[in-house]
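Notes follow the structure.
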Amino acid sequence: MFIKFLYAFICAATMVCGFLFVRSQYNGACGRSLTLKMIAATGYIAIGALAVKISGNESRFALIMFGALICSWIGDLFLHLWQHKIYTAIGFLGFLTAHFFFIAAYLRAIRLYAPDRSFFSAPEIIAVVLFDVFFLVFSRLIGTEIKGVLNIPIVMYATVITTMLCKACIMGISMIKADVPHATAAAVLAVAGASLFVMSDFSIAILMFNKKYKKSHPLKMFNILTYFAAELALASLLLVVNPV
């Protein structure tokens, strides 16, 4: 009972710290905002650890998911450091690597629950392409300017995160069809977490490259709260996804 209470407390504390983080950087990044952000980031690592403790999940899936959470933590740290632009690039790479880890974890579960499914299906490819086109068109319509060579890593990142969302959906569907324990909860957490991640990353692209919304406090709040909610949901998968 105590561990479950601690689990709920850390989830709530993570979201509160995320909220306070946005409030603290109202006039720009500072030491206090960095501290609050990293406390919140450590929260989703703790949730992953508690999920393993509660469920006894010692699978390779859990190990790969922890790799994703740690890379996200590194991304949080460097993306917020303001001293040098190279830190932004390291933060970007941290999150990109995290998404590759998430994809690898979902693929491992899919291979177990739906062994006959191909690595990439036509509907997945269409979904990824449509999202990339939507992202580029919508960004330009609202005045987001991603100039020159920056389009390449941004589109690459959008492709990877959309792939992550597709694999999360397929994993959830595969678990439900295979009638494994806690399949519905796993599907909800996977799809919700991946969807929130996509929404958060879409909003940060607007914050970074759109002068009109660059200082939008509501958009910053949306970006951070959807992000930490996504990380908590994905860390909580370790409660209900335990492929042998």
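Going through the structure tokens in order, the chains are called A, B, and so on, while each chain numbers its residues from 1 and the ligands are numbered from 1 in the order shown.
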Extract, using only C-alpha atoms, all DNA, RNA and protein residues at most 12 Å from Ala127 in chain A, discarding same-chain residues fewer than 2 positions from it, and format them as a short mmCIF file (atom, residue, chain, number, x, y, z; two decimals) with C-alpha atoms, in the first residue's frame.
data_model
loop_
_atom_site.label_atom_id
_atom_site.label_comp_id
_atom_site.auth_asym_id
_atom_site.auth_seq_id
_atom_site.Cartn_x
_atom_site.Cartn_y
_atom_site.Cartn_z
CA PHE A 120 6.53 -1.73 -41.46
CA SER A 121 3.08 -1.96 -43.02
CA ALA A 122 1.64 0.22 -45.79
CA PRO A 123 -0.81 1.99 -43.41
CA GLU A 124 2.11 2.91 -41.11
CA ILE A 125 4.12 4.37 -43.98
CA VAL A 129 4.15 10.54 -44.57
CA LEU A 130 0.79 12.24 -43.96
CA PHE A 131 1.95 13.50 -40.56
CA ASP A 132 5.18 14.91 -42.02
CA VAL A 133 3.22 16.70 -44.74
CA PHE A 134 0.68 18.00 -42.20
CA ALA A 158 8.90 14.08 -36.87
CA THR A 159 9.22 10.80 -38.80
CA VAL A 160 10.78 9.01 -35.83
CA ILE A 161 8.21 10.22 -33.30
CA THR A 162 5.31 9.34 -35.62
CA THR A 163 6.82 5.88 -36.03
CA MET A 164 6.97 5.64 -32.24
CA LEU A 165 3.26 6.48 -32.05
CA CYS A 166 2.40 3.90 -34.72
CA LYS A 167 4.37 1.16 -32.93
#
Residues at most 9 Å from Ile142 in chain A, counting only C-alpha atoms, excluding those fewer than 4 positions away in the same chain, as a PyMOL selection string?
chain A and resi 137-138+206+210+212
Restricted to N, CA, C and O atoms, what would the selected residues look like written as a PDB file, in the first residue's frame?
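result23.pdb was written with the following content:
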ATOM      1  N   VAL A 137       3.078  21.715 -43.643  1.00  0.00           N
ATOM      2  CA  VAL A 137       2.051  22.635 -44.164  1.00  0.00           C
ATOM      3  C   VAL A 137       1.471  23.483 -43.041  1.00  0.00           C
ATOM      4  O   VAL A 137       1.381  24.717 -43.147  1.00  0.00           O
ATOM      5  N   PHE A 138       1.085  22.843 -41.926  1.00  0.00           N
ATOM      6  CA  PHE A 138       0.486  23.582 -40.814  1.00  0.00           C
ATOM      7  C   PHE A 138       1.482  24.574 -40.220  1.00  0.00           C
ATOM      8  O   PHE A 138       1.115  25.700 -39.868  1.00  0.00           O
ATOM      9  N   ILE A 206       6.790  24.804 -32.541  1.00  0.00           N
ATOM     10  CA  ILE A 206       6.186  26.134 -32.703  1.00  0.00           C
ATOM     11  C   ILE A 206       6.880  27.144 -31.798  1.00  0.00           C
ATOM     12  O   ILE A 206       7.193  28.269 -32.220  1.00  0.00           O
ATOM     13  N   ASN A 210       8.648  29.881 -34.192  1.00  0.00           N
ATOM     14  CA  ASN A 210       7.595  30.824 -34.550  1.00  0.00           C
ATOM     15  C   ASN A 210       7.686  32.048 -33.644  1.00  0.00           C
ATOM     16  O   ASN A 210       7.444  31.961 -32.437  1.00  0.00           O
ATOM     17  N   LYS A 212       5.827  34.589 -33.355  1.00  0.00           N
ATOM     18  CA  LYS A 212       4.546  35.020 -32.793  1.00  0.00           C
ATOM     19  C   LYS A 212       4.246  34.299 -31.483  1.00  0.00           C
ATOM     20  O   LYS A 212       3.675  34.878 -30.546  1.00  0.00           O
TER      21      LYS A 212
END
Which of range 14-81 of chain A counts as helix (DSSP H, G or I) under DSSP, as a PyMOL selection string please?
chain A and resi 14-24+31-55+60-80
Distance criterion (only C-alpha atoms): nearest to Phe101 in chain A out of A:Ile126, A:Ile70, A:Leu77, A:Lys211
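Once distances to Phe101 in chain A are computed over only C-alpha atoms, the minimum belongs to A:Ile70.
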Pick from A:Ser139, A:Ile152, A:Leu63, A:Tyr157, whichever lies nearest to Leu93 in chain A using only C-alpha atoms:
A:Tyr157
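The nearest approach to Tyr26 in chain A among the residues A:Ala40, A:Leu107, A:Met221, A:Ala233, with only C-alpha atoms taken into account, belongs to A:Met221.
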Smallest atom-to-atom distance to Lys215 in chain A: which of A:Ala98, A:Val22, A:Val180, A:Ala105, using only C-alpha atoms?
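Nearest candidate to Lys215 in chain A out of A:Ala98, A:Val22, A:Val180, A:Ala105: A:Val22.
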Ranking A:Met15, A:Leu20, A:Cys30, A:Leu81 by minimum distance to Gly43 in chain A and counting only C-alpha atoms, which one comes first?
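Under the stated criterion, the closest residue is A:Met15.
Residue nearest Thr42 in chain A, chosen from A:Ile74, A:Ile86, A:Ala190, A:Ile173 and counting only C-alpha atoms: A:Ile74.
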